[in-house]
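*Asks:* What follows is the file run.cif, containing mmCIF, C-alpha atoms:
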data_structure
loop_
_atom_site.label_atom_id
_atom_site.label_comp_id
_atom_site.auth_asym_id
_atom_site.auth_seq_id
_atom_site.Cartn_x
_atom_site.Cartn_y
_atom_site.Cartn_z
CA MET M 1 -6.10 2.48 6.21
CA ARG M 2 -2.49 2.88 7.26
CA TRP M 3 -1.62 -0.68 6.36
CA ILE M 4 -2.00 0.11 2.67
CA ARG M 5 -0.26 3.42 2.85
CA ALA M 6 3.29 2.52 3.71
CA ALA M 7 4.73 3.11 0.30
CA GLY M 8 3.90 0.43 -1.81
CA ARG M 9 1.12 -0.19 0.08
CA GLY M 10 -1.53 -2.55 -0.25
CA LEU M 11 0.34 -4.04 2.59
CA LEU M 12 -2.04 -6.54 4.06
CA VAL M 13 0.48 -8.75 5.78
CA VAL M 14 -1.13 -12.11 6.18
CA MET M 15 0.47 -14.74 8.31
CA VAL M 16 -0.70 -18.03 9.58
CA ILE M 17 0.62 -18.61 13.06
CA MET M 18 1.29 -22.13 14.20
CA THR M 19 2.29 -23.88 17.38
CA GLY M 20 4.50 -26.84 18.08
CA TYR M 21 7.49 -25.81 15.99
CA ALA M 22 10.63 -26.96 17.71
CA ALA M 23 13.03 -24.25 18.86
CA SER M 24 15.83 -26.05 17.07
CA GLY M 25 14.13 -25.29 13.75
CA ALA M 26 13.45 -28.93 12.90
CA ALA M 27 10.17 -29.31 11.04
CA PRO M 28 7.64 -31.87 12.28
CA ALA M 29 6.42 -34.49 9.86
CA ASP M 30 3.08 -32.74 9.24
CA ARG M 31 5.01 -29.75 7.80
CA ALA M 32 6.38 -31.75 4.88
CA PRO M 33 6.21 -29.64 1.69
CA GLY M 34 3.28 -30.51 -0.55
CA GLY M 35 1.00 -31.91 2.17
CA GLY M 36 -0.80 -31.04 5.36
CA ARG M 37 -4.29 -29.74 5.90
CA GLY M 38 -5.74 -28.15 9.00
CA PRO M 39 -6.63 -24.96 10.86
CA MET M 40 -4.66 -21.76 10.39
CA THR M 41 -4.30 -18.37 11.97
CA LEU M 42 -4.29 -15.36 9.70
CA ALA M 43 -2.64 -12.21 11.03
CA THR M 44 -2.99 -8.85 9.35
CA ALA M 45 -1.42 -5.45 9.87
CA GLY M 46 -4.41 -3.35 10.78
CA ASP M 47 -7.51 -4.41 8.82
CA LEU M 48 -9.11 -1.06 9.55
CA THR M 49 -12.11 -1.56 7.26
CA GLY M 50 -13.00 -4.90 8.80
CA TYR M 51 -13.64 -6.51 5.42
CA LEU M 52 -11.14 -9.34 5.85
CA GLY M 53 -13.00 -10.87 8.77
CA ARG M 54 -16.12 -11.10 6.63
CA VAL M 55 -14.12 -12.67 3.79
CA LEU M 56 -12.67 -15.26 6.16
CA ASP M 57 -16.14 -16.08 7.47
CA GLY M 58 -16.93 -17.39 4.01
CA TRP M 59 -13.81 -19.57 4.00
CA ASN M 60 -14.54 -20.92 7.49
CA ARG M 61 -18.10 -21.90 6.62
CA ALA M 62 -16.86 -23.86 3.61
CA HIS M 63 -13.83 -25.36 5.39
CA PRO M 64 -14.81 -26.26 8.97
CA GLY M 65 -11.70 -28.42 9.38
CA GLU M 66 -9.35 -25.70 8.12
CA LYS M 67 -10.64 -22.65 9.94
CA VAL M 68 -8.70 -19.43 9.86
CA THR M 69 -8.42 -17.27 12.98
CA LEU M 70 -7.70 -13.61 12.29
CA VAL M 71 -4.91 -11.94 14.29
CA GLU M 72 -3.98 -8.29 13.68
CA LEU M 73 -0.40 -6.99 13.91
CA PRO M 74 0.80 -3.37 14.20
CA ASP M 75 -0.34 -0.92 11.53
CA SER M 76 3.23 0.11 10.68
CA ALA M 77 4.73 -1.77 7.74
CA ASP M 78 8.21 -1.46 9.25
CA GLU M 79 7.05 -2.96 12.56
CA THR M 80 5.20 -5.75 10.78
CA ARG M 81 8.23 -6.60 8.66
CA ALA M 82 10.48 -6.56 11.72
CA GLN M 83 8.20 -8.97 13.58
CA MET M 84 8.01 -11.27 10.59
CA ILE M 85 11.78 -11.36 10.06
CA THR M 86 12.51 -11.84 13.76
CA ASP M 87 10.26 -14.87 13.80
CA LEU M 88 11.52 -16.30 10.51
CA ARG M 89 15.17 -15.90 11.47
CA SER M 90 14.62 -17.44 14.88
CA GLY M 91 13.10 -20.58 13.42
CA ALA M 92 10.05 -20.21 15.65
CA GLY M 93 7.98 -21.16 12.64
CA ARG M 94 4.74 -19.40 13.58
CA PHE M 95 3.79 -18.51 10.00
CA ASP M 96 1.99 -20.60 7.39
CA VAL M 97 1.08 -17.84 4.95
CA LEU M 98 2.76 -14.47 4.49
CA ASN M 99 1.21 -11.64 2.54
CA ILE M 100 4.36 -9.62 2.03
CA ASP M 101 4.86 -6.20 0.52
CA VAL M 102 5.76 -6.63 -3.14
CA ALA M 103 9.23 -5.20 -2.47
CA TRP M 104 10.05 -7.98 -0.01
CA THR M 105 9.55 -10.98 -2.31
CA SER M 106 13.17 -11.20 -3.47
CA GLU M 107 14.55 -10.78 0.04
CA PHE M 108 12.28 -13.43 1.56
CA ALA M 109 12.84 -15.85 -1.33
CA ALA M 110 16.63 -15.46 -1.25
CA ALA M 111 16.63 -16.07 2.50
CA GLY M 112 14.69 -19.30 2.06
CA TRP M 113 11.78 -18.09 4.16
CA ILE M 114 9.10 -18.69 1.50
CA ALA M 115 8.63 -21.65 -0.80
CA PRO M 116 8.10 -21.57 -4.59
CA VAL M 117 4.54 -22.16 -5.76
CA ASP M 118 3.27 -23.88 -8.87
CA ARG M 119 2.26 -21.36 -11.55
CA ARG M 120 -0.31 -23.78 -12.94
CA ARG M 121 -2.32 -23.70 -9.72
CA PHE M 122 -3.25 -20.02 -10.01
CA PRO M 123 -4.98 -18.06 -12.83
CA LEU M 124 -2.06 -15.68 -13.40
CA SER M 125 -3.30 -14.85 -16.92
CA SER M 126 -6.34 -13.20 -15.29
CA PHE M 127 -4.16 -10.76 -13.36
CA LEU M 128 -2.84 -7.41 -14.52
CA PRO M 129 0.44 -8.54 -16.18
CA PRO M 130 2.98 -6.35 -14.32
CA VAL M 131 1.88 -7.56 -10.90
CA VAL M 132 3.04 -11.11 -11.59
CA ASP M 133 6.64 -9.95 -11.95
CA THR M 134 6.59 -8.67 -8.36
CA ALA M 135 5.99 -12.23 -7.16
CA THR M 136 8.98 -13.82 -8.92
CA TYR M 137 12.61 -14.26 -7.97
CA ASP M 138 15.39 -16.04 -9.85
CA GLY M 139 12.92 -17.19 -12.49
CA LYS M 140 10.53 -18.84 -10.03
CA LEU M 141 7.13 -17.83 -8.69
CA TYR M 142 7.45 -17.41 -4.93
CA ALA M 143 4.11 -15.73 -4.20
CA VAL M 144 0.72 -14.90 -5.70
CA PRO M 145 -0.34 -11.26 -6.17
CA TYR M 146 -3.17 -10.27 -3.85
CA VAL M 147 -3.40 -6.46 -3.93
CA THR M 148 -1.77 -4.08 -6.38
CA ASN M 149 -1.19 -0.34 -6.34
CA ALA M 150 0.31 2.38 -8.51
CA GLY M 151 1.06 6.02 -7.94
CA MET M 152 -1.29 8.58 -9.48
CA LEU M 153 -1.32 12.35 -9.93
CA PHE M 154 -4.21 14.00 -8.10
CA TYR M 155 -5.00 17.51 -9.36
CA ARG M 156 -7.40 20.34 -8.69
CA LYS M 157 -9.79 19.98 -11.58
CA ASP M 158 -11.67 23.15 -10.71
CA VAL M 159 -8.52 25.27 -10.81
CA LEU M 160 -7.22 23.87 -14.09
CA GLU M 161 -10.62 24.21 -15.75
CA ARG M 162 -10.81 27.83 -14.65
CA GLU M 163 -7.42 28.39 -16.28
CA GLY M 164 -8.41 26.53 -19.47
CA GLU M 165 -5.70 23.93 -18.81
CA ARG M 166 -5.62 20.15 -18.92
CA PRO M 167 -3.84 18.01 -16.32
CA PRO M 168 -0.12 17.73 -17.09
CA ARG M 169 1.26 14.85 -19.13
CA THR M 170 4.89 15.93 -18.98
CA TRP M 171 7.28 17.19 -16.33
CA ALA M 172 7.55 20.51 -18.15
CA GLU M 173 3.78 21.00 -17.99
CA LEU M 174 3.68 20.00 -14.31
CA ARG M 175 6.53 22.36 -13.50
CA ARG M 176 4.94 25.28 -15.37
CA GLN M 177 1.49 24.83 -13.87
CA ALA M 178 2.85 24.31 -10.37
CA ARG M 179 5.02 27.43 -10.63
CA THR M 180 2.57 29.79 -12.31
CA ILE M 181 -1.00 28.65 -11.60
CA ALA M 182 -0.74 27.47 -8.02
CA PRO M 183 0.38 30.83 -6.54
CA ARG M 184 -2.55 32.63 -8.16
CA TYR M 185 -4.92 30.53 -6.05
CA GLY M 186 -2.89 30.59 -2.86
CA LEU M 187 -1.78 26.98 -3.37
CA GLU M 188 1.51 25.13 -3.17
CA GLY M 189 2.49 23.44 -6.41
CA TYR M 190 3.31 19.77 -5.99
CA ALA M 191 4.04 17.22 -3.27
CA GLY M 192 4.68 13.54 -2.90
CA GLN M 193 6.08 11.43 -0.09
CA PHE M 194 9.49 12.97 0.56
CA LEU M 195 10.28 12.10 4.17
CA PRO M 196 13.28 9.70 4.19
CA TYR M 197 11.37 6.41 4.46
CA GLU M 198 10.02 3.84 2.00
CA GLY M 199 7.74 6.44 0.41
CA LEU M 200 10.73 8.46 -0.77
CA THR M 201 12.29 5.31 -2.23
CA VAL M 202 9.13 4.94 -4.31
CA ASN M 203 9.02 8.59 -5.39
CA ALA M 204 12.72 8.60 -6.31
CA ALA M 205 12.43 5.34 -8.22
CA GLU M 206 9.43 6.69 -10.15
CA ALA M 207 11.44 9.75 -11.18
CA VAL M 208 14.37 7.61 -12.32
CA TYR M 209 12.13 5.11 -14.14
CA SER M 210 10.10 7.87 -15.80
CA ALA M 211 13.32 9.35 -17.17
CA GLY M 212 14.22 5.98 -18.70
CA GLY M 213 16.67 4.83 -16.05
CA THR M 214 16.97 1.90 -13.68
CA ILE M 215 18.54 1.36 -10.28
CA LEU M 216 19.55 -2.31 -10.15
CA GLY M 217 19.65 -5.21 -12.57
CA ASP M 218 20.14 -8.98 -12.43
CA GLU M 219 18.17 -9.47 -9.20
CA GLY M 220 20.25 -6.85 -7.43
CA GLU M 221 23.69 -8.05 -8.51
CA ARG M 222 24.34 -5.24 -11.02
CA VAL M 223 24.16 -1.51 -10.22
CA THR M 224 22.68 0.52 -13.08
CA VAL M 225 21.79 3.81 -11.42
CA ASP M 226 24.83 5.83 -12.54
CA SER M 227 23.19 7.21 -15.68
CA ALA M 228 22.03 10.43 -17.28
CA ALA M 229 18.43 9.26 -16.78
CA ALA M 230 18.90 8.83 -13.04
CA ARG M 231 20.53 12.24 -12.76
CA SER M 232 17.59 13.70 -14.68
CA GLY M 233 15.03 12.04 -12.41
CA ILE M 234 16.70 13.05 -9.14
CA GLY M 235 17.33 16.48 -10.63
CA PHE M 236 13.63 16.91 -11.38
CA LEU M 237 12.74 16.43 -7.72
CA ALA M 238 15.66 18.47 -6.39
CA GLY M 239 14.91 21.27 -8.84
CA GLY M 240 11.32 21.43 -7.66
CA VAL M 241 12.42 22.21 -4.12
CA ARG M 242 15.11 24.63 -5.27
CA ASP M 243 12.68 26.54 -7.47
CA GLY M 244 9.88 26.52 -4.93
CA TRP M 245 7.13 24.61 -6.71
CA ILE M 246 7.72 21.72 -4.31
CA PRO M 247 7.34 23.23 -0.80
CA ARG M 248 10.16 22.47 1.64
CA GLU M 249 7.47 21.32 4.06
CA ALA M 250 6.92 18.35 1.75
CA LEU M 251 10.37 17.01 2.70
CA GLY M 252 8.62 15.77 5.85
CA TYR M 253 5.54 14.29 4.15
CA THR M 254 4.44 10.67 4.28
CA GLU M 255 1.30 9.47 2.50
CA GLU M 256 -0.93 10.84 5.22
CA GLU M 257 0.61 14.30 5.55
CA SER M 258 0.55 14.75 1.79
CA ARG M 259 -3.05 13.48 1.55
CA ARG M 260 -4.19 15.91 4.20
CA ALA M 261 -2.40 18.81 2.51
CA PHE M 262 -4.27 18.10 -0.73
CA GLN M 263 -7.58 17.32 0.99
CA ASP M 264 -7.37 20.54 2.99
CA GLY M 265 -7.03 22.55 -0.22
CA ARG M 266 -3.34 23.47 0.08
CA LEU M 267 -1.94 21.75 -3.03
CA LEU M 268 -2.54 21.98 -6.75
CA PHE M 269 -0.93 18.59 -7.45
CA LEU M 270 -0.28 15.49 -5.35
CA ARG M 271 1.41 12.19 -6.08
CA ASN M 272 -0.22 9.48 -3.93
CA TRP M 273 -1.80 6.03 -4.00
CA PRO M 274 -5.47 5.54 -4.99
CA TYR M 275 -6.57 5.25 -1.38
CA ALA M 276 -6.34 9.06 -1.19
CA TYR M 277 -9.35 9.31 -3.53
CA ALA M 278 -11.78 8.24 -0.82
CA GLY M 279 -10.54 10.77 1.74
CA ALA M 280 -10.47 13.60 -0.77
CA SER M 281 -14.07 12.79 -1.67
CA GLY M 282 -15.26 12.65 1.92
CA PRO M 283 -17.58 15.04 3.75
CA ASP M 284 -14.72 16.76 5.60
CA SER M 285 -12.68 17.38 2.44
CA ARG M 286 -12.39 20.90 1.03
CA VAL M 287 -11.76 19.50 -2.46
CA ALA M 288 -14.62 16.98 -2.70
CA GLY M 289 -15.97 17.08 -6.25
CA LYS M 290 -13.20 19.45 -7.31
CA PHE M 291 -10.35 17.09 -8.18
CA GLY M 292 -9.35 14.36 -10.59
CA ALA M 293 -6.66 11.68 -10.92
CA VAL M 294 -4.46 10.79 -13.89
CA PRO M 295 -1.31 8.74 -14.47
CA LEU M 296 1.96 10.32 -13.39
CA PRO M 297 3.68 12.56 -15.93
CA GLY M 298 7.18 11.95 -17.30
CA PRO M 299 9.79 13.88 -19.29
CA GLU M 300 8.09 13.45 -22.67
CA GLY M 301 4.70 11.99 -21.78
CA PRO M 302 3.14 9.68 -19.20
CA GLY M 303 5.68 8.54 -16.64
CA THR M 304 6.28 5.25 -14.87
CA SER M 305 4.81 4.43 -11.48
CA VAL M 306 6.32 2.03 -9.00
CA LEU M 307 4.11 -0.95 -8.28
CA GLY M 308 2.78 -1.20 -4.76
CA GLY M 309 0.68 -3.91 -3.24
CA SER M 310 1.21 -7.21 -1.51
CA ASN M 311 1.83 -10.84 -2.43
CA LEU M 312 0.67 -13.99 -0.68
CA ALA M 313 3.41 -16.55 -0.04
CA VAL M 314 3.65 -19.89 1.74
CA SER M 315 6.20 -20.12 4.55
CA SER M 316 8.93 -22.70 4.06
CA HIS M 317 7.95 -24.06 7.49
CA ALA M 318 4.19 -24.06 7.01
CA ARG M 319 2.39 -26.62 9.15
CA HIS M 320 -0.41 -27.07 6.63
CA PRO M 321 0.99 -25.97 3.24
CA GLU M 322 -1.82 -27.55 1.23
CA SER M 323 -4.45 -25.63 3.17
CA ALA M 324 -2.29 -22.52 2.89
CA ARG M 325 -2.19 -22.76 -0.90
CA ASP M 326 -5.94 -23.26 -1.03
CA LEU M 327 -6.42 -20.20 1.16
CA ILE M 328 -4.29 -18.16 -1.26
CA ALA M 329 -6.41 -19.42 -4.16
CA TYR M 330 -9.54 -18.34 -2.29
CA LEU M 331 -8.20 -14.87 -1.49
CA THR M 332 -7.19 -14.30 -5.12
CA SER M 333 -10.42 -15.64 -6.60
CA GLU M 334 -12.66 -13.28 -8.57
CA PRO M 335 -15.43 -13.02 -5.94
CA VAL M 336 -12.99 -12.18 -3.16
CA GLN M 337 -11.01 -9.79 -5.36
CA ARG M 338 -14.24 -7.93 -6.02
CA ARG M 339 -14.73 -7.58 -2.26
CA VAL M 340 -11.12 -6.42 -1.88
CA LEU M 341 -12.17 -3.42 -3.97
CA THR M 342 -15.75 -2.83 -2.87
CA GLU M 343 -15.35 -3.55 0.86
CA GLY M 344 -11.64 -3.08 1.45
CA ALA M 345 -11.13 -0.11 -0.92
CA LEU M 346 -7.95 -1.77 -2.20
CA PRO M 347 -6.90 -2.15 -5.86
CA PRO M 348 -7.48 -5.77 -6.93
CA VAL M 349 -5.13 -7.78 -9.15
CA ARG M 350 -7.90 -9.22 -11.37
CA ALA M 351 -7.79 -7.29 -14.66
CA ALA M 352 -11.47 -7.74 -15.62
CA LEU M 353 -12.71 -5.78 -12.59
CA TYR M 354 -11.15 -2.56 -13.89
CA GLY M 355 -13.48 -2.47 -16.89
CA GLU M 356 -16.84 -3.20 -15.27
CA PRO M 357 -19.10 -0.14 -15.81
CA ALA M 358 -20.77 -0.39 -12.40
CA LEU M 359 -17.42 -0.49 -10.63
CA VAL M 360 -16.05 2.39 -12.69
CA ARG M 361 -19.08 4.50 -11.75
CA ARG M 362 -18.42 3.77 -8.11
CA PHE M 363 -14.63 4.13 -8.35
CA PRO M 364 -13.99 6.67 -11.14
CA TYR M 365 -10.21 6.41 -10.83
CA LEU M 366 -10.15 2.76 -12.00
CA PRO M 367 -9.33 3.45 -15.70
CA ALA M 368 -6.46 5.78 -14.76
CA LEU M 369 -5.24 3.31 -12.15
CA ARG M 370 -5.31 0.46 -14.67
CA ALA M 371 -3.24 2.55 -17.09
CA SER M 372 -0.77 3.32 -14.31
CA VAL M 373 -0.45 -0.31 -13.25
CA LEU M 374 0.04 -1.55 -16.82
CA THR M 375 3.02 0.77 -17.32
CA ALA M 376 4.37 0.45 -13.78
CA ALA M 377 7.61 -1.20 -12.71
CA PRO M 378 8.60 -2.98 -9.49
CA ARG M 379 10.98 -1.49 -6.99
CA PRO M 380 14.60 -2.66 -7.34
CA LYS M 381 14.83 -6.38 -6.74
CA SER M 382 17.51 -7.37 -4.25
CA PRO M 383 18.10 -9.94 -1.49
CA HIS M 384 19.19 -6.89 0.53
CA TYR M 385 16.20 -4.73 -0.27
CA GLU M 386 16.07 -2.98 3.11
CA GLN M 387 19.62 -1.69 2.69
CA VAL M 388 18.93 -0.70 -0.92
CA SER M 389 15.86 1.28 0.11
CA LEU M 390 17.69 3.04 2.94
CA ALA M 391 20.42 4.11 0.53
CA VAL M 392 17.98 5.41 -2.10
CA GLN M 393 15.91 7.42 0.35
CA ALA M 394 18.91 8.93 2.13
CA VAL M 395 20.57 10.06 -1.09
CA ALA M 396 17.35 11.38 -2.63
CA HIS M 397 16.54 13.36 0.50
CA ASP M 398 19.99 14.94 0.56
CA ALA M 399 19.59 15.99 -3.07
CA MET M 400 16.12 17.43 -2.50
CA ALA M 401 17.28 19.25 0.65
CA GLN M 402 20.01 20.85 -1.49
CA ARG M 403 22.79 19.25 0.54
CA GLN M 404 24.19 17.54 -2.53
CA THR M 405 23.88 18.07 -6.27
CA PRO M 406 21.89 15.47 -8.22
CA GLU M 407 25.09 14.47 -10.04
CA ALA M 408 27.00 13.91 -6.81
CA ALA M 409 24.00 12.18 -5.24
CA VAL M 410 23.73 9.65 -8.06
CA ARG M 411 27.47 8.90 -7.93
CA ARG M 412 27.21 8.37 -4.19
CA LEU M 413 24.18 6.13 -4.59
CA ALA M 414 25.97 4.00 -7.18
CA GLY M 415 28.86 3.47 -4.77
CA GLU M 416 26.62 2.58 -1.85
CA LEU M 417 24.57 0.15 -3.95
CA ALA M 418 27.74 -1.52 -5.25
CA ALA M 419 28.84 -2.15 -1.67
CA ILE M 420 25.41 -3.59 -0.82
CA ALA M 421 25.38 -5.83 -3.91
CA HIS M 422 28.64 -7.48 -2.90
CA ARG M 423 27.43 -8.41 0.58
CA ARG M 424 26.76 -12.02 1.23
#
Would you mind writing the file's structure down as structure tokens?

*Replies:*
Amino acid sequence: MRWIRAAGRGLLVVMVIMTGYAASGAAPADRAPGGGRGPMTLATAGDLTGYLGRVLDGWNRAHPGEKVTLVELPDSADETRAQMITDLRSGAGRFDVLNIDVAWTSEFAAAGWIAPVDRRRFPLSSFLPPVVDTATYDGKLYAVPYVTNAGMLFYRKDVLEREGERPPRTWAELRRQARTIAPRYGLEGYAGQFLPYEGLTVNAAEAVYSAGGTILGDEGERVTVDSAAARSGIGFLAGGVRDGWIPREALGYTEEESRRAFQDGRLLFLRNWPYAYAGASGPDSRVAGKFGAVPLPGPEGPGTSVLGGSNLAVSSHARHPESARDLIAYLTSEPVQRRVLTEGALPPVRAALYGEPALVRRFPYLPALRASVLTAAPRPKSPHYEQVSLAVQAVAHDAMAQRQTPEAAVRRLAGELAAIAHRR
């Protein structure tokens, strides 16, 4: 399911496409905020499991006058985002509802593309607490969490048990096991998503957060990355490549390349999203029944994952905003959230689902995923998130490729982020 794998994943980009929006950008009367009911079109970036169509069938049966037509967009998160922004900037006004990657909320809100929503309308107290923060900007709720995600450490349980070892809880333990145990079994030590794209932004941010650092503050207006913690986090990744327990091949890995490396029995440890569990358990996997998943390690204990997932938002130019808000309520209801997990294989935002014994038996990683989500942090919030992400991934890749020291890389990143923060 590529549409949940672009770093942060859970990216089910939902849009409701309308007609009749004037090219000048003027909104017809039936688009007035707070009113308007009628049919909608829901577009998604590659619903490869087909579960969403079945979910929408339930909505359409109950709402014959507000039917939703499903339209699928490209699988690539970057392509989907580009199409969305092109339309929103042009004023074409084709979208009623946007299910945006959690990292885009601040950017879309600051640009005026999505409208605030009333907190009282949605059961936010039933959601895993950290996910709500991803839907806010400037103190207001601009979206409703739909799918969440957090990075996890997949490990070869059979190998560690043979060595009398437990999965690592600290960076030192991960480093030692990756350097000493992996070679004895013909394995590489550790990999994540280290190609310079959004996945590397996530991996770099997790290293900085786990070390106790931050990247930006005050909704992107203050640069906080120039710290000992950030140098430690970037240094951890760069040191892994230098010392060989992160293979240089991993500098070209996305989620899929890294998943396949682990699934094919070439890695002792893998950082990835929970979706990798299904593939590694499949009939063509060489590690089926031989692996486990735990929260990411940190310098002194469990580390900090970056939150992935997607948030549902109402377009500022929605033709039928009342119907759009009701659709969001439906998609975030408990019955649909259960189907998000059981049929879509996506991590739901409803907290109670993570403790149901039947679901835990079916999805054994749920307790570890819940622990990861509860301690996770969002990616840096900024109205210029795309530029921020490009800067983070470029600098982190240079440090890991040994083209720049971690110290110099962090200083460079601080300067680039300061220039971005002052753009208007």

*Asks:* Kindly resolve the PyMOL selection byres ((chain M and resi 148) around 7) on the present coordinates and return the residues as a list in words.

*Replies:* Gly10, Val131, Tyr146, Val147, Asn149, Leu307, Gly308, Gly309, Ser310, Pro347, Pro348 and Val349 of chain M

*Asks:* If the PyMOL selection byres ((chain M and resi 229) around 7) is run on the structure shown, which residues does it catch, given as a list in words?

*Replies:*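 The output of the PyMOL selection byres ((chain M and resi 229) around 7) on this file is Val208, Ala211, Gly212, Gly213, Ser227, Ala228, Ala230, Arg231, Ser232 and Gly233 of chain M.
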
*Asks:* Report, in Å to a single decimal, how far apart atom CA of Gly303 of chain M and atom CA of Glu165 of chain M are.

*Replies:*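 The value is 19.3 Å.
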
*Asks:* Can you pull out the residues contacting Thr304 of chain M? Cut-off 10 Å, using only C-alpha atoms, and skip same-chain residues under 2 positions away; I want them as a CSV table (one decimal) with C-alpha atoms, keeping the file's coordinate frame.

*Replies:*
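Ended up saving to out_13.csv:
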chain,number,residue,atom,x,y,z
M,150,ALA,CA,0.3,2.4,-8.5
M,151,GLY,CA,1.1,6.0,-7.9
M,152,MET,CA,-1.3,8.6,-9.5
M,205,ALA,CA,12.4,5.3,-8.2
M,206,GLU,CA,9.4,6.7,-10.2
M,207,ALA,CA,11.4,9.8,-11.2
M,208,VAL,CA,14.4,7.6,-12.3
M,209,TYR,CA,12.1,5.1,-14.1
M,210,SER,CA,10.1,7.9,-15.8
M,211,ALA,CA,13.3,9.4,-17.2
M,212,GLY,CA,14.2,6.0,-18.7
M,295,PRO,CA,-1.3,8.7,-14.5
M,296,LEU,CA,2.0,10.3,-13.4
M,297,PRO,CA,3.7,12.6,-15.9
M,298,GLY,CA,7.2,12.0,-17.3
M,301,GLY,CA,4.7,12.0,-21.8
M,302,PRO,CA,3.1,9.7,-19.2
M,306,VAL,CA,6.3,2.0,-9.0
M,307,LEU,CA,4.1,-1.0,-8.3
M,372,SER,CA,-0.8,3.3,-14.3
M,373,VAL,CA,-0.4,-0.3,-13.2
M,374,LEU,CA,0.0,-1.6,-16.8
M,375,THR,CA,3.0,0.8,-17.3
M,376,ALA,CA,4.4,0.4,-13.8
M,377,ALA,CA,7.6,-1.2,-12.7

*Asks:* Decode the PyMOL selection byres ((chain M and resi 119) around 10) for the given file into explicit residues and return them as an NGL selection string.

*Replies:* :M and (116-118 or 120-124 or 140-144)

*Asks:* What separation in Å, quoted to one decimal, exists between atom CA of Leu267 of chain M and atom CA of Leu346 of chain M?

*Replies:*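 Taking atom CA of Leu267 of chain M and atom CA of Leu346 of chain M, their separation equals 24.3 Å.
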
*Asks:* If I take atom CA of Ser106 of chain M and atom CA of His384 of chain M, how far is one from the other in Å, to one decimal?

*Replies:* 8.4 Å

*Asks:* May I have the residues within 12 Å of Glu66 of chain M as an MDAnalysis selection string, using all atoms listed in the file and disregarding those fewer than 2 positions away in the same chain?

*Replies:* chainID M and resid 16 36:42 56:64 68:69 319:327

*Asks:* Between M:Ala276, M:Leu52, M:Asp78, M:Leu128, which one has atoms that come closest to Leu353 of chain M, using only C-alpha atoms?

*Replies:*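 So, comparing all the options, the nearest one is M:Leu128.
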
*Asks:* For Pro406 of chain M, which of M:Leu237, M:Ile114, M:Leu187, M:Ile181 is the closest residue, counting all atoms listed in the file?

*Replies:*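 Counting all atoms listed in the file, the residue closest to Pro406 of chain M is M:Leu237.
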